[in-house]
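Peer 1: Hey, dropping final.txt in here, compact mmCIF, C-alpha atoms:
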```
# COMPACT_ATOMS: atom_id res chain seq x y z
CA MET A 1064 -11.79 -13.45 -19.29
CA ASN A 1065 -7.98 -13.43 -19.32
CA ILE A 1066 -6.30 -10.71 -17.25
CA LEU A 1067 -2.61 -9.79 -17.25
CA PHE A 1068 -1.23 -8.06 -14.17
CA ILE A 1069 2.07 -6.25 -14.70
CA THR A 1070 4.23 -5.25 -11.73
CA GLU A 1071 7.84 -4.19 -11.24
CA ASP A 1072 8.49 -6.71 -8.46
CA HIS A 1073 6.32 -9.50 -7.09
CA SER A 1074 8.53 -10.44 -4.16
CA LEU A 1075 8.13 -9.56 -0.48
CA GLN A 1076 10.56 -6.66 -1.02
CA ASN A 1077 7.79 -4.78 -2.84
CA TYR A 1078 5.77 -4.78 0.40
CA GLY A 1079 2.27 -3.33 -0.01
CA VAL A 1080 1.98 -3.57 -3.80
CA THR A 1081 2.89 -7.26 -3.75
CA ALA A 1082 0.43 -8.00 -0.94
CA VAL A 1083 -2.45 -6.17 -2.63
CA LEU A 1084 -1.81 -7.59 -6.11
CA SER A 1085 -1.28 -11.13 -4.82
CA GLN A 1086 -4.53 -11.08 -2.88
CA LEU A 1087 -6.52 -9.65 -5.80
CA ALA A 1088 -5.16 -12.29 -8.22
CA ASP A 1089 -5.87 -15.15 -5.83
CA GLU A 1090 -9.41 -13.99 -5.08
CA LEU A 1091 -10.23 -13.71 -8.78
CA ALA A 1092 -8.82 -17.18 -9.42
CA ARG A 1093 -10.48 -18.75 -6.39
CA TRP A 1094 -14.02 -17.53 -7.02
CA HIS A 1095 -14.26 -17.15 -10.79
CA ASP A 1096 -13.70 -20.17 -13.04
CA ASP A 1097 -14.13 -17.94 -16.09
CA ILE A 1098 -11.29 -15.57 -15.09
CA ARG A 1099 -7.67 -16.58 -15.65
CA VAL A 1100 -4.91 -14.40 -14.23
CA THR A 1101 -1.29 -14.07 -15.32
CA ILE A 1102 1.23 -11.94 -13.42
CA ALA A 1103 4.26 -10.56 -15.29
CA ALA A 1104 6.94 -9.20 -12.95
CA THR A 1105 10.31 -7.65 -13.78
CA GLY A 1106 12.15 -9.56 -11.09
CA SER A 1107 13.80 -12.88 -10.31
CA SER A 1108 11.53 -14.14 -7.49
CA ALA A 1109 7.85 -14.07 -6.58
CA VAL A 1110 5.53 -14.85 -3.69
CA PRO A 1111 3.43 -18.05 -3.98
CA GLN A 1112 0.08 -17.75 -5.71
CA HIS A 1113 -3.09 -19.78 -6.14
CA ARG A 1114 -2.43 -22.83 -8.34
CA SER A 1115 -4.39 -21.39 -11.27
CA VAL A 1116 -2.49 -18.06 -11.27
CA THR A 1117 0.49 -18.04 -13.64
CA VAL A 1118 3.56 -15.97 -12.76
CA GLU A 1119 6.02 -14.93 -15.50
CA LEU A 1120 9.34 -13.52 -14.26
CA ILE A 1121 11.42 -11.24 -16.48
CA PRO A 1122 14.63 -10.35 -14.62
CA PRO A 1123 16.12 -6.92 -15.40
CA ILE A 1124 19.65 -6.69 -16.72
CA ARG A 1125 22.31 -5.54 -14.27
CA TRP A 1126 23.08 -2.11 -15.72
CA ALA A 1127 19.39 -1.16 -15.99
CA ARG A 1128 18.08 -2.38 -12.63
CA GLY A 1129 17.05 1.13 -11.65
CA TRP A 1130 14.37 1.12 -14.35
CA ARG A 1131 14.03 -2.70 -14.17
CA TRP A 1132 14.62 -2.99 -17.88
CA SER A 1133 15.43 -6.02 -20.00
CA PRO A 1134 15.96 -5.90 -23.79
CA ASN A 1135 13.42 -8.69 -24.27
CA LEU A 1136 10.82 -7.13 -21.95
CA PRO A 1137 8.57 -5.64 -24.68
CA SER A 1138 8.56 -8.85 -26.72
CA ARG A 1139 7.95 -11.04 -23.66
CA ILE A 1140 4.91 -9.00 -22.64
CA LYS A 1141 3.49 -9.09 -26.17
CA LYS A 1142 4.11 -12.84 -26.32
CA ILE A 1143 2.24 -13.35 -23.04
CA VAL A 1144 -0.66 -11.27 -24.35
CA TYR A 1145 -0.79 -13.29 -27.56
CA GLN A 1146 -0.30 -16.77 -26.10
CA ARG A 1147 -2.69 -16.33 -23.19
CA ARG A 1148 -5.24 -14.41 -25.24
CA ILE A 1149 -5.27 -11.52 -22.79
CA ASP A 1150 -8.46 -9.45 -22.72
CA LEU A 1151 -7.35 -6.84 -20.19
CA ILE A 1152 -4.03 -5.50 -18.88
CA HIS A 1153 -3.99 -4.25 -15.30
CA ILE A 1154 -0.78 -2.36 -14.50
CA HIS A 1155 0.41 -1.96 -10.91
CA GLY A 1156 2.91 0.88 -10.48
CA VAL A 1157 4.12 3.60 -12.81
CA TRP A 1158 7.85 4.29 -12.56
CA SER A 1159 9.50 1.18 -14.02
CA ALA A 1160 9.90 -0.35 -17.48
CA GLY A 1161 7.23 -3.03 -16.99
CA PRO A 1162 4.28 -0.62 -16.72
CA TRP A 1163 5.57 1.39 -19.70
CA CYS A 1164 5.87 -1.75 -21.84
CA GLY A 1165 2.42 -2.86 -20.72
CA LEU A 1166 0.90 0.46 -21.75
CA LYS A 1167 2.60 0.29 -25.14
CA ALA A 1168 1.40 -3.28 -25.67
CA ALA A 1169 -2.16 -2.31 -24.75
CA GLN A 1170 -2.13 0.47 -27.35
CA GLU A 1171 -0.58 -1.58 -30.13
CA MET A 1172 -2.75 -4.66 -29.54
CA GLU A 1173 -5.90 -2.61 -28.80
CA ILE A 1174 -6.51 -4.10 -25.35
CA PRO A 1175 -8.18 -2.18 -22.48
CA ALA A 1176 -5.81 -1.11 -19.72
CA ILE A 1177 -6.13 -0.11 -16.07
CA VAL A 1178 -3.33 1.62 -14.16
CA SER A 1179 -3.17 1.41 -10.36
CA THR A 1180 -0.69 4.05 -9.17
CA HIS A 1181 -0.63 2.69 -5.58
CA GLY A 1182 -0.01 6.15 -4.15
CA MET A 1183 3.11 6.72 -6.28
CA TRP A 1184 1.82 10.12 -7.44
CA GLU A 1185 1.16 11.48 -3.96
CA LYS A 1186 2.06 15.14 -3.49
CA TRP A 1187 4.69 14.24 -0.89
CA PHE A 1188 6.87 12.56 -3.50
CA TRP A 1189 6.67 15.56 -5.85
CA LYS A 1190 7.64 18.03 -3.08
CA HIS A 1191 9.72 16.29 -0.41
CA ASP A 1192 11.80 13.72 -2.23
CA SER A 1193 15.39 14.59 -3.13
CA PRO A 1194 15.72 17.35 -5.79
CA THR A 1195 17.37 14.90 -8.18
CA LYS A 1196 14.56 12.33 -7.85
CA ILE A 1197 11.90 15.00 -8.26
CA LEU A 1198 13.52 16.27 -11.46
CA LYS A 1199 13.88 12.73 -12.85
CA LYS A 1200 10.24 11.95 -12.09
CA LYS A 1201 8.98 15.13 -13.73
CA LEU A 1202 11.03 14.53 -16.88
CA TYR A 1203 10.04 10.86 -17.03
CA PHE A 1204 6.36 11.57 -16.45
CA HIS A 1205 6.01 14.33 -19.06
CA TRP A 1206 8.31 12.95 -21.76
CA VAL A 1207 7.81 9.18 -21.43
CA LEU A 1208 4.96 7.99 -19.23
CA LYS A 1209 2.24 10.52 -20.03
CA ARG A 1210 2.68 9.90 -23.75
CA ALA A 1211 2.09 6.18 -23.15
CA ILE A 1212 -1.22 6.72 -21.33
CA PRO A 1213 -4.03 7.42 -23.83
CA GLN A 1214 -7.26 8.99 -22.62
CA ASN A 1215 -9.14 5.67 -22.83
CA THR A 1216 -6.87 4.16 -20.14
CA ILE A 1217 -8.72 3.70 -16.85
CA MET A 1218 -6.84 5.09 -13.85
CA HIS A 1219 -7.42 3.47 -10.46
CA ALA A 1220 -7.35 5.51 -7.25
CA LEU A 1221 -7.57 4.19 -3.71
CA ASN A 1222 -9.57 7.13 -2.35
CA SER A 1223 -10.77 10.64 -3.17
CA ALA A 1224 -7.40 12.19 -2.26
CA GLU A 1225 -5.53 10.00 -4.73
CA ARG A 1226 -8.26 10.62 -7.30
CA LEU A 1227 -7.46 14.34 -7.06
CA ASP A 1228 -3.71 13.66 -7.39
CA ILE A 1229 -4.34 11.68 -10.58
CA ARG A 1230 -6.82 14.22 -11.94
CA ASN A 1231 -4.23 16.99 -11.61
CA LEU A 1232 -1.82 15.01 -13.80
CA LEU A 1233 -4.23 13.36 -16.22
CA PRO A 1234 -7.32 15.58 -16.43
CA HIS A 1235 -9.02 13.65 -19.25
CA ASN A 1236 -8.81 10.03 -18.12
CA ARG A 1237 -11.59 8.21 -16.34
CA ILE A 1238 -10.70 7.44 -12.71
CA SER A 1239 -12.24 4.56 -10.79
CA VAL A 1240 -12.03 4.72 -6.98
CA ILE A 1241 -11.67 1.31 -5.29
CA PRO A 1242 -9.93 0.87 -1.92
CA ASN A 1243 -7.51 -1.93 -1.16
CA ALA A 1244 -9.17 -4.81 0.65
CA ILE A 1245 -8.20 -6.76 3.75
CA ARG A 1246 -8.87 -10.46 4.31
CA VAL A 1247 -10.77 -11.04 7.54
CA GLU A 1248 -9.67 -14.44 8.81
CA GLN A 1249 -11.72 -16.30 11.39
CA ASP A 1250 -8.87 -16.38 13.88
CA SER A 1251 -7.73 -12.80 13.26
CA TYR A 1252 -9.38 -11.48 16.41
CA THR A 1253 -8.10 -12.60 19.78
CA SER A 1254 -8.86 -11.42 23.29
CA MET A 1255 -5.33 -11.90 24.59
CA GLN A 1256 -4.11 -9.42 27.19
CA PRO A 1257 -2.25 -6.56 25.43
CA GLU A 1258 1.02 -5.25 26.76
CA ARG A 1259 1.83 -1.63 27.56
CA MET A 1260 3.25 -1.34 24.06
CA ILE A 1261 2.85 1.27 21.33
CA LEU A 1262 3.65 -0.26 17.95
CA PHE A 1263 4.91 1.23 14.73
CA LEU A 1264 5.04 -1.32 11.91
CA GLY A 1265 6.37 -0.37 8.49
CA ARG A 1266 9.36 0.77 6.46
CA LEU A 1267 11.74 3.18 8.15
CA HIS A 1268 11.24 5.89 5.53
CA PRO A 1269 11.03 9.69 5.99
CA LYS A 1270 7.44 9.88 4.74
CA LYS A 1271 6.29 7.59 7.57
CA GLY A 1272 6.85 10.31 10.19
CA ILE A 1273 8.54 8.05 12.73
CA GLU A 1274 10.52 10.96 14.21
CA LEU A 1275 7.15 12.53 15.11
CA LEU A 1276 6.20 9.38 16.99
CA ILE A 1277 9.46 9.37 18.98
CA ARG A 1278 9.00 13.04 19.93
CA ALA A 1279 5.34 12.51 20.80
CA PHE A 1280 6.21 9.50 22.94
CA ALA A 1281 8.62 11.70 24.88
CA GLN A 1282 6.11 14.58 25.17
CA ALA A 1283 3.26 12.36 26.35
CA GLU A 1284 5.16 11.61 29.58
CA LEU A 1285 3.63 8.16 29.96
CA GLN A 1286 4.33 5.88 32.90
CA PRO A 1287 7.73 4.11 32.72
CA GLU A 1288 6.21 0.72 31.87
CA TRP A 1289 5.09 1.97 28.46
CA GLN A 1290 7.33 0.89 25.56
CA LEU A 1291 7.55 2.05 21.95
CA VAL A 1292 8.41 -0.73 19.49
CA ILE A 1293 9.49 0.25 15.97
CA ALA A 1294 9.38 -2.73 13.60
CA GLY A 1295 10.38 -2.56 9.96
CA PRO A 1296 13.25 -2.61 7.47
CA GLU A 1297 15.73 0.26 7.39
CA GLU A 1298 14.99 1.38 3.85
CA SER A 1299 17.02 4.53 4.36
CA PRO A 1300 20.09 3.92 6.60
CA THR A 1301 20.59 7.67 6.99
CA TYR A 1302 17.04 8.13 8.21
CA ALA A 1303 17.31 5.12 10.55
CA HIS A 1304 20.49 6.59 12.06
CA LYS A 1305 18.67 9.89 12.57
CA LEU A 1306 15.81 8.14 14.37
CA LYS A 1307 18.15 6.31 16.73
CA GLY A 1308 19.83 9.62 17.48
CA GLU A 1309 16.43 11.12 18.38
CA VAL A 1310 15.89 8.29 20.87
CA ILE A 1311 19.28 8.82 22.53
CA ARG A 1312 18.80 12.59 22.78
CA ALA A 1313 15.38 12.10 24.36
CA GLY A 1314 16.84 9.72 26.95
CA LEU A 1315 14.53 6.90 25.82
CA SER A 1316 17.05 4.20 24.91
CA ASN A 1317 15.61 1.80 27.49
CA ARG A 1318 11.99 2.36 26.34
CA VAL A 1319 12.22 2.51 22.53
CA LYS A 1320 13.18 -0.64 20.63
CA PHE A 1321 14.11 -1.02 16.95
CA ILE A 1322 13.54 -4.70 16.14
CA GLY A 1323 13.90 -4.80 12.34
CA PRO A 1324 11.44 -6.35 9.87
CA VAL A 1325 8.92 -8.98 10.97
CA PHE A 1326 6.82 -11.22 8.73
CA GLY A 1327 4.22 -13.96 8.92
CA ALA A 1328 3.44 -15.50 12.30
CA ALA A 1329 5.99 -13.30 14.09
CA LYS A 1330 4.26 -10.20 12.75
CA LYS A 1331 0.82 -11.39 13.88
CA LYS A 1332 2.13 -12.24 17.35
CA LEU A 1333 3.77 -8.83 17.68
CA MET A 1334 0.60 -7.00 16.64
CA GLN A 1335 -1.53 -8.93 19.10
CA LYS A 1336 0.69 -7.73 21.95
CA ALA A 1337 0.18 -4.04 21.08
CA TRP A 1338 -2.08 -1.77 23.10
CA VAL A 1339 -2.28 0.59 20.12
CA GLN A 1340 -0.85 0.70 16.61
CA VAL A 1341 0.41 4.08 15.34
CA LEU A 1342 1.26 5.31 11.84
CA PRO A 1343 2.15 9.05 11.90
CA THR A 1344 2.58 9.21 8.12
CA TYR A 1345 2.99 12.37 6.06
CA SER A 1346 1.71 10.60 2.97
CA GLU A 1347 0.15 7.23 2.13
CA GLY A 1348 -1.88 5.77 -0.71
CA GLN A 1349 -3.82 3.64 1.75
CA ALA A 1350 -2.34 2.49 5.04
CA MET A 1351 -2.83 -1.27 5.03
CA VAL A 1352 -1.10 -1.73 8.38
CA ASN A 1353 -3.95 0.14 10.07
CA LEU A 1354 -6.44 -2.28 8.53
CA GLU A 1355 -4.32 -5.26 9.61
CA ALA A 1356 -4.30 -4.01 13.17
CA ALA A 1357 -8.00 -3.20 13.15
CA ILE A 1358 -9.16 -6.68 12.15
CA ARG A 1359 -7.26 -7.96 15.18
CA GLY A 1360 -9.19 -5.59 17.42
CA ILE A 1361 -6.26 -3.26 17.99
CA PRO A 1362 -7.04 0.48 18.29
CA SER A 1363 -5.21 2.65 15.79
CA ILE A 1364 -3.88 6.19 15.56
CA THR A 1365 -2.93 7.58 12.17
CA THR A 1366 -2.96 10.89 10.29
CA TRP A 1367 -5.31 12.52 7.84
CA ARG A 1368 -2.70 11.69 5.16
CA ALA A 1369 -3.06 7.91 5.56
CA GLY A 1370 -5.67 7.49 2.81
CA LEU A 1371 -8.28 6.10 5.24
CA GLU A 1372 -11.31 8.29 4.79
CA ASN A 1373 -13.62 8.57 7.80
CA TRP A 1374 -11.27 6.45 9.94
CA GLN A 1375 -12.59 8.21 13.02
CA ASP A 1376 -16.13 7.01 12.20
CA GLY A 1377 -15.01 3.49 13.02
CA GLY A 1378 -13.41 4.46 16.30
CA GLY A 1379 -9.88 5.10 15.07
CA LEU A 1380 -8.04 8.31 15.90
CA LEU A 1381 -6.95 10.79 13.21
CA VAL A 1382 -4.42 13.57 13.84
CA GLU A 1383 -2.36 15.99 11.84
CA PRO A 1384 1.29 14.90 11.47
CA ILE A 1385 2.33 17.17 14.33
CA SER A 1386 4.05 15.86 17.46
CA ASP A 1387 1.82 17.84 19.87
CA GLU A 1388 -1.40 16.36 18.46
CA LEU A 1389 0.08 12.89 18.37
CA ALA A 1390 1.31 13.21 21.98
CA ASN A 1391 -2.20 14.16 23.12
CA SER A 1392 -3.69 11.13 21.35
CA LEU A 1393 -1.07 8.80 22.82
CA PHE A 1394 -1.81 10.11 26.31
CA GLN A 1395 -5.54 9.65 25.74
CA VAL A 1396 -5.27 6.08 24.39
CA CYS A 1397 -2.74 4.93 26.98
CA ASN A 1398 -5.07 6.09 29.76
CA TRP A 1399 -8.04 4.09 28.53
CA SER A 1400 -9.21 1.26 30.73
CA LEU A 1401 -8.73 -2.23 29.28
CA LYS A 1402 -12.48 -2.44 28.75
CA GLU A 1403 -12.60 0.81 26.77
CA ARG A 1404 -9.52 -0.17 24.75
CA ASN A 1405 -11.10 -3.50 23.79
CA GLU A 1406 -14.46 -1.92 22.94
CA ARG A 1407 -12.77 0.61 20.65
CA GLY A 1408 -10.86 -2.21 18.99
CA LYS A 1409 -14.03 -4.24 18.38
CA GLN A 1410 -15.79 -1.19 16.95
CA LEU A 1411 -12.93 -0.47 14.57
CA ARG A 1412 -12.77 -4.12 13.48
CA GLN A 1413 -16.46 -4.14 12.55
CA TRP A 1414 -16.14 -0.86 10.65
CA VAL A 1415 -13.21 -2.21 8.63
CA ILE A 1416 -15.20 -5.36 7.80
CA GLU A 1417 -18.05 -3.22 6.51
CA ASN A 1418 -15.86 -0.89 4.43
CA TYR A 1419 -12.62 -2.69 3.49
CA SER A 1420 -13.23 -6.44 3.58
CA LEU A 1421 -12.90 -8.58 0.46
CA GLU A 1422 -16.66 -9.15 0.49
CA THR A 1423 -17.17 -5.38 0.18
CA VAL A 1424 -14.37 -4.52 -2.27
CA MET A 1425 -14.17 -7.47 -4.70
CA PRO A 1426 -17.58 -6.80 -6.34
CA LYS A 1427 -16.28 -3.36 -7.35
CA TRP A 1428 -13.32 -4.92 -9.20
CA GLU A 1429 -15.58 -7.53 -10.80
CA LYS A 1430 -17.91 -4.80 -12.03
CA LEU A 1431 -15.05 -2.74 -13.51
CA TYR A 1432 -13.43 -5.72 -15.23
CA LYS A 1433 -16.78 -6.85 -16.66
CA MET A 1434 -17.54 -3.36 -17.93
CA LEU A 1435 -14.22 -3.21 -19.79
CA GLU A 1436 -14.70 -6.70 -21.21
CA ILE A 1437 -18.12 -5.78 -22.57
CA SER A 1438 -16.97 -2.43 -24.00
CA ASN A 1439 -14.04 -4.13 -25.74
CA THR A 1440 -16.33 -6.56 -27.56
CA GLN A 1441 -18.71 -3.90 -28.84
```
Can you present the structure in this file as structure tokens?

Peer 2:
Amino acid sequence: MNILFITEDHSLQNYGVTAVLSQLADELARWHDDIRVTIAATGSSAVPQHRSVTVELIPPIRWARGWRWSPNLPSRIKKIVYQRRIDLIHIHGVWSAGPWCGLKAAQEMEIPAIVSTHGMWEKWFWKHDSPTKILKKKLYFHWVLKRAIPQNTIMHALNSAERLDIRNLLPHNRISVIPNAIRVEQDSYTSMQPERMILFLGRLHPKKGIELLIRAFAQAELQPEWQLVIAGPEESPTYAHKLKGEVIRAGLSNRVKFIGPVFGAAKKKLMQKAWVQVLPTYSEGQAMVNLEAAIRGIPSITTWRAGLENWQDGGGLLVEPISDELANSLFQVCNWSLKERNERGKQLRQWVIENYSLETVMPKWEKLYKMLEISNTQ
């Protein structure tokens, strides 16, 4: 079976989508000799892949970078489909030219297609983005994108909440619910002594609710040794400036640190120091950072909007994105004994292994791909 993944950007700058797609492609290539994967990305750089995964880069032209368009994009995708004898097109993302061209190619060449929206149709974006962006998205969805998605296209949702978001927009398409998976490495869990550190790790973006965390940290009135570390790229400079102003006004400049983005070994080392990891998000397709923390035995607080159904069943804490609730949870977690903190971390790690590990999730993808391959040959 030959599968073509199409994504707008396969570099580290695409954060979660790149990580999820890269892992899925590598796992398919590593464990299935009969599956060959090609990744087509509208960009100029890409993360490394398994040796049997082919990456085709199609850089956008300068004046159309917003839509990541290139005049030869449609023909390049069709050429890849033809030359590599593609049996299935799996599209990751919805708002750029690559997914649109992939959908058009699937229709014209009569190839099954799957679309993973990766949380890009969450209600937050339709209601709380800038008025201009909301208008552009509505016009683009109804006049361009929706017309390119026939009813036989399979839509992929990460959880039941995203399934409902997709159903409201495309009521007639089949929707398959498969969560993102996390690799559980043998050395991912360590028993090192955590610091009195609360960690936020992610993009500094308004939907992440970081201002709630700063206010909750102030309200919780923790002992002076407790620190709040905010790690991540300043995607919105205006928002980042607002956050730093919140810290100054709260008199927390000596206890709240903005350290910028961290990757690789530095990221792992930082996470292992944390007493608790917190994501106070207003909206998320599926919060991978919570899974990353959990497999390292780090307790986690997040919101009901994080796309992690039944997170509390594994020992994690779920709150509404309200500073009072978050402050109460912070106070509770920071007053655990070390023994209780470690036990909660171990419990959450085991629950993530059972529900989100590659061993649990990959068979669901294999079943869906096989079903489409069989239906296409009938």

Peer 1: May I have the residues within 8 Å of Gly1379 (chain A) as a list in words, using all atoms listed in the file and disregarding those fewer than 6 positions away in the same chain?

Peer 2: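 So the residues in contact are Pro1362, Ser1363, Ile1364, Thr1365, Arg1407 and Leu1411 of chain A.
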
Peer 1: So what do you get for CA of Trp1414 (chain A) versus CA of Gly1370 (chain A), distance-wise?

Peer 2: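 For CA of Trp1414 (chain A) relative to CA of Gly1370 (chain A), the distance reads 15.5 Å.
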
Peer 1: Suppose you want the space between CA of Asp1150 (chain A) and CA of Leu1067 (chain A); what is it in Å?

Peer 2: 8.0 Å

Peer 1: List the neighbours of region 1315-1326 of chain A out to 12 Å using all atoms listed in the file; skip same-chain residues closer than 6 positions along the sequence, and give me the result as a VMD selection string.

Peer 2: chain A and resid 1075 to 1076 1078 1259 to 1267 1273 to 1274 1276 to 1282 1284 to 1298 1303 to 1304 1306 to 1309 1332 to 1334

Peer 1: Using CA of Gln1410 (chain A) and CA of Ile1358 (chain A) as the two end points, give the distance in Å to one decimal.

Peer 2: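 A separation of 9.9 Å between them.
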
Peer 1: Would you mind telling me which residue in A:Ile1069, A:Ala1082, A:Ala1244, A:Ala1088 lies nearest to Ile1152 (chain A) when using all atoms listed in the file?

Peer 2: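 Looking at the shortest contact to Ile1152 (chain A), the residue is A:Ile1069.
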
Peer 1: What's the 9 Å shell around Gln1170 (chain A), counting all atoms listed in the file, without same-chain residues fewer than 4 positions away, as an NGL selection string?

Peer 2: :A and (1165-1166 or 1174-1176 or 1211-1213)

Peer 1: Quick one: everything within 9 Å of Val1080 (chain A), counting all atoms listed in the file, minus sequence neighbours fewer than 5 positions away in the same chain. Send it as a compact mmCIF listing (two decimals) with C-alpha atoms, keeping the file's coordinate frame.

Peer 2:
```txt
# COMPACT_ATOMS: atom_id res chain seq x y z
CA THR A 1070 4.23 -5.25 -11.73
CA ASP A 1072 8.49 -6.71 -8.46
CA HIS A 1073 6.32 -9.50 -7.09
CA SER A 1085 -1.28 -11.13 -4.82
CA HIS A 1155 0.41 -1.96 -10.91
CA GLY A 1156 2.91 0.88 -10.48
CA HIS A 1181 -0.63 2.69 -5.58
```

Peer 1: Using all atoms listed in the file, find all polymer residues with an atom at most 12 Å away from the point (-7.7, 8.0, 7.1); report them as a CSV table (one decimal) with C-alpha atoms, in the frame of the given file.

Peer 2:
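Below you can see point16.csv, which holds the result:
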```
chain,number,residue,atom,x,y,z
A,1221,LEU,CA,-7.6,4.2,-3.7
A,1222,ASN,CA,-9.6,7.1,-2.4
A,1223,SER,CA,-10.8,10.6,-3.2
A,1224,ALA,CA,-7.4,12.2,-2.3
A,1242,PRO,CA,-9.9,0.9,-1.9
A,1342,LEU,CA,1.3,5.3,11.8
A,1343,PRO,CA,2.2,9.0,11.9
A,1344,THR,CA,2.6,9.2,8.1
A,1345,TYR,CA,3.0,12.4,6.1
A,1346,SER,CA,1.7,10.6,3.0
A,1347,GLU,CA,0.2,7.2,2.1
A,1348,GLY,CA,-1.9,5.8,-0.7
A,1349,GLN,CA,-3.8,3.6,1.8
A,1350,ALA,CA,-2.3,2.5,5.0
A,1351,MET,CA,-2.8,-1.3,5.0
A,1352,VAL,CA,-1.1,-1.7,8.4
A,1353,ASN,CA,-4.0,0.1,10.1
A,1354,LEU,CA,-6.4,-2.3,8.5
A,1363,SER,CA,-5.2,2.6,15.8
A,1364,ILE,CA,-3.9,6.2,15.6
A,1365,THR,CA,-2.9,7.6,12.2
A,1366,THR,CA,-3.0,10.9,10.3
A,1367,TRP,CA,-5.3,12.5,7.8
A,1368,ARG,CA,-2.7,11.7,5.2
A,1369,ALA,CA,-3.1,7.9,5.6
A,1370,GLY,CA,-5.7,7.5,2.8
A,1371,LEU,CA,-8.3,6.1,5.2
A,1372,GLU,CA,-11.3,8.3,4.8
A,1373,ASN,CA,-13.6,8.6,7.8
A,1374,TRP,CA,-11.3,6.4,9.9
A,1375,GLN,CA,-12.6,8.2,13.0
A,1376,ASP,CA,-16.1,7.0,12.2
A,1377,GLY,CA,-15.0,3.5,13.0
A,1378,GLY,CA,-13.4,4.5,16.3
A,1379,GLY,CA,-9.9,5.1,15.1
A,1380,LEU,CA,-8.0,8.3,15.9
A,1381,LEU,CA,-7.0,10.8,13.2
A,1382,VAL,CA,-4.4,13.6,13.8
A,1383,GLU,CA,-2.4,16.0,11.8
A,1415,VAL,CA,-13.2,-2.2,8.6
```

Peer 1: Residues near Gly1161 (chain A), anyone? I mean within 9 Å using only C-alpha atoms, not counting same-chain ones fewer than 4 positions away, as a PyMOL selection string.

Peer 2: chain A and resi 1069-1071+1103-1105+1130-1132+1136-1137+1140+1154+1156-1157+1165-1166

Peer 1: For each of A:Ser1179, A:Lys1186, A:Ser1299, A:Ile1238, take the minimum atom-to-atom distance to Phe1068 (chain A), counting all atoms listed in the file, then give the residue where this is smallest.

Peer 2: A:Ser1179

Peer 1: (-13.5, -12.8, -6.5) in this file's frame - what residues fall within 9 Å of it? Use all atoms listed in the file and give the answer as JSON, numbers by chain.

Peer 2: {"A": [1087, 1088, 1089, 1090, 1091, 1092, 1093, 1094, 1095, 1421, 1422, 1425, 1426, 1428, 1429]}

Peer 1: I need the residue nearest Lys1196 (chain A) from this list: A:Arg1237, A:His1219, A:Trp1158, A:Arg1148. Use all atoms listed in the file for the distance.

Peer 2: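 So, comparing all the options, the nearest one is A:Trp1158.
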
Peer 1: Find, counting only C-alpha atoms, the residue in A:Thr1081, A:Val1118, A:Leu1202, A:Ile1149 that gets nearest to Glu1436 (chain A).

Peer 2: A:Ile1149

Peer 1: With distances taken over all atoms listed in the file, which of A:Gln1335, A:Val1424, A:Val1341, A:Gln1395 is nearest to Lys1271 (chain A)?

Peer 2: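 Of the candidates, the smallest distance to Lys1271 (chain A) is held by A:Val1341.
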
Peer 1: Restricting the calculation to all atoms listed in the file: of A:Ile1229, A:Lys1201, A:Ala1283, A:Ile1143, which residue gets closest to Ala1390 (chain A)?

Peer 2: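 Of A:Ile1229, A:Lys1201, A:Ala1283, A:Ile1143, the one nearest Ala1390 (chain A), counting all atoms listed in the file, is A:Ala1283.
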